[in-house]
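Enquirer: Data file protein-v8.pdb (PDB, C-alpha atoms) is appended below.
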```
ATOM      1  CA  MET A   1     -53.369  83.496  31.762  1.00  0.00           C
ATOM      2  CA  ALA A   2     -55.280  84.801  28.765  1.00  0.00           C
ATOM      3  CA  VAL A   3     -56.409  82.533  25.957  1.00  0.00           C
ATOM      4  CA  ILE A   4     -55.215  83.913  22.652  1.00  0.00           C
ATOM      5  CA  GLU A   5     -56.892  83.230  19.325  1.00  0.00           C
ATOM      6  CA  PRO A   6     -54.668  82.230  16.395  1.00  0.00           C
ATOM      7  CA  GLY A   7     -53.093  85.305  14.839  1.00  0.00           C
ATOM      8  CA  LYS A   8     -53.678  87.456  17.943  1.00  0.00           C
ATOM      9  CA  VAL A   9     -50.993  88.815  20.268  1.00  0.00           C
ATOM     10  CA  ILE A  10     -51.302  89.501  23.980  1.00  0.00           C
ATOM     11  CA  PRO A  11     -51.240  93.292  24.449  1.00  0.00           C
ATOM     12  CA  GLY A  12     -47.940  94.243  26.061  1.00  0.00           C
ATOM     13  CA  ALA A  13     -46.201  91.045  24.936  1.00  0.00           C
ATOM     14  CA  GLY A  14     -43.177  92.977  23.702  1.00  0.00           C
ATOM     15  CA  LEU A  15     -44.096  93.041  20.029  1.00  0.00           C
ATOM     16  CA  ASP A  16     -45.605  96.532  19.997  1.00  0.00           C
ATOM     17  CA  ALA A  17     -43.030  98.041  22.384  1.00  0.00           C
ATOM     18  CA  PRO A  18     -40.074  96.394  24.130  1.00  0.00           C
ATOM     19  CA  LEU A  19     -40.553  94.950  27.596  1.00  0.00           C
ATOM     20  CA  ARG A  20     -38.304  96.420  30.288  1.00  0.00           C
ATOM     21  CA  ASN A  21     -36.522  94.661  33.131  1.00  0.00           C
ATOM     22  CA  ALA A  22     -34.022  95.902  35.718  1.00  0.00           C
ATOM     23  CA  GLY A  23     -31.259  93.390  35.047  1.00  0.00           C
ATOM     24  CA  ALA A  24     -30.792  90.444  32.743  1.00  0.00           C
ATOM     25  CA  PRO A  25     -33.899  88.308  32.215  1.00  0.00           C
ATOM     26  CA  THR A  26     -34.062  84.978  34.000  1.00  0.00           C
ATOM     27  CA  VAL A  27     -34.663  81.904  31.817  1.00  0.00           C
ATOM     28  CA  ASN A  28     -38.061  80.291  32.533  1.00  0.00           C
ATOM     29  CA  VAL A  29     -39.099  83.209  34.783  1.00  0.00           C
ATOM     30  CA  THR A  30     -38.967  86.728  33.316  1.00  0.00           C
ATOM     31  CA  PHE A  31     -42.234  87.572  31.516  1.00  0.00           C
ATOM     32  CA  LEU A  32     -43.226  83.901  31.335  1.00  0.00           C
ATOM     33  CA  GLY A  33     -46.810  83.733  30.087  1.00  0.00           C
ATOM     34  CA  VAL A  34     -46.574  87.273  28.698  1.00  0.00           C
ATOM     35  CA  ALA A  35     -43.787  87.320  26.108  1.00  0.00           C
ATOM     36  CA  VAL A  36     -44.039  85.452  22.827  1.00  0.00           C
ATOM     37  CA  VAL A  37     -41.309  84.363  20.409  1.00  0.00           C
ATOM     38  CA  GLY A  38     -39.918  87.557  18.912  1.00  0.00           C
ATOM     39  CA  SER A  39     -40.657  89.746  21.946  1.00  0.00           C
ATOM     40  CA  LEU A  40     -37.918  92.224  22.780  1.00  0.00           C
ATOM     41  CA  LEU A  41     -36.737  93.055  26.291  1.00  0.00           C
ATOM     42  CA  ILE A  42     -34.436  95.884  27.376  1.00  0.00           C
ATOM     43  CA  ASP A  43     -32.224  95.323  30.411  1.00  0.00           C
ATOM     44  CA  THR A  44     -32.425  98.848  31.839  1.00  0.00           C
ATOM     45  CA  THR A  45     -29.583  98.208  34.298  1.00  0.00           C
ATOM     46  CA  ASN A  46     -26.951  96.982  31.846  1.00  0.00           C
ATOM     47  CA  GLY A  47     -28.214  98.492  28.578  1.00  0.00           C
ATOM     48  CA  LYS A  48     -28.588  95.182  26.750  1.00  0.00           C
ATOM     49  CA  LEU A  49     -31.299  94.038  24.365  1.00  0.00           C
ATOM     50  CA  TYR A  50     -32.746  90.512  24.503  1.00  0.00           C
ATOM     51  CA  ILE A  51     -35.116  88.608  22.227  1.00  0.00           C
ATOM     52  CA  CYS A  52     -37.419  85.758  23.231  1.00  0.00           C
ATOM     53  CA  THR A  53     -36.280  82.828  21.108  1.00  0.00           C
ATOM     54  CA  ALA A  54     -38.498  80.092  22.563  1.00  0.00           C
ATOM     55  CA  THR A  55     -41.468  79.701  24.869  1.00  0.00           C
ATOM     56  CA  ASN A  56     -44.346  77.323  25.409  1.00  0.00           C
ATOM     57  CA  GLY A  57     -46.237  80.055  27.283  1.00  0.00           C
ATOM     58  CA  THR A  58     -46.639  78.140  30.531  1.00  0.00           C
ATOM     59  CA  SER A  59     -43.361  76.785  31.862  1.00  0.00           C
ATOM     60  CA  THR A  60     -40.430  77.707  29.632  1.00  0.00           C
ATOM     61  CA  ILE A  61     -39.047  80.888  28.099  1.00  0.00           C
ATOM     62  CA  THR A  62     -35.615  81.527  26.625  1.00  0.00           C
ATOM     63  CA  TRP A  63     -34.069  84.996  26.316  1.00  0.00           C
ATOM     64  CA  THR A  64     -31.081  85.536  24.012  1.00  0.00           C
ATOM     65  CA  VAL A  65     -28.910  88.668  24.054  1.00  0.00           C
ATOM     66  CA  VAL A  66     -28.971  90.516  20.736  1.00  0.00           C
ATOM     67  CA  GLY A  67     -25.656  91.484  19.178  1.00  0.00           C
ATOM     68  CA  THR A  68     -22.449  91.912  21.097  1.00  0.00           C
ATOM     69  CA  GLN A  69     -23.213  94.724  23.530  1.00  0.00           C
ATOM     70  CA  VAL A  70     -20.580  95.043  26.240  1.00  0.00           C
TER      71      VAL A  70
END
```
The structure in this file should be written as structure tokens.
Expert:
Amino acid sequence: MAVIEPGKVIPGAGLDAPLRNAGAPTVNVTFLGVAVVGSLLIDTTNGKLYICTATNGTSTITWTVVGTQV
């Protein structure tokens, strides 16, 4: 895992362009150690958008669906 200086973002963390995943993201698994709070993820199978609402970077990450896509 990369060490990030304050104010820096890991390239590809989902802040410059959305992350993509085939299927809904799995809590505490999908892009753990990569995504940061505010990262966006597109579920390319179901066409839903998720946002990372919490992570400690090493063992937990929470993805929350954005809006009310059906």
Enquirer: Starting from the displayed file, determine the output of the PyMOL selection byres ((chain A and resi 25) around 12) and express the residue list as a ChimeraX atom specification.
Expert: /A:19-24,26-32,35,40-46,48-52,61-65
Enquirer: In Å, with one decimal, what is the gap from CA of Gly57 (chain A) to CA of Gly38 (chain A)?
Expert: 12.9 Å
Enquirer: Just the number, please: distance in Å from CA of Asn56 (chain A) to CA of Leu15 (chain A), one decimal.
Expert: 16.6 Å
Enquirer: Centre and edge lengths, as AutoDock Vina command-line options, for the axis-aligned box enclosing every listed atom of region 32-51 of chain A with 4 Å of padding on each of the six sides, in Å to one decimal?
Expert:
```
--center_x -36.9 --center_y 91.3 --center_z 26.6 --size_x 27.9 --size_y 23.1 --size_z 23.4
```
Enquirer: Considering only C-alpha atoms, state which residue in the set A:Ala54, A:Ser59, A:Thr68, A:Gly14 is at the smallest distance from Val34 (chain A).
Expert: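 That would be A:Gly14, the residue with the smallest distance to Val34 (chain A).
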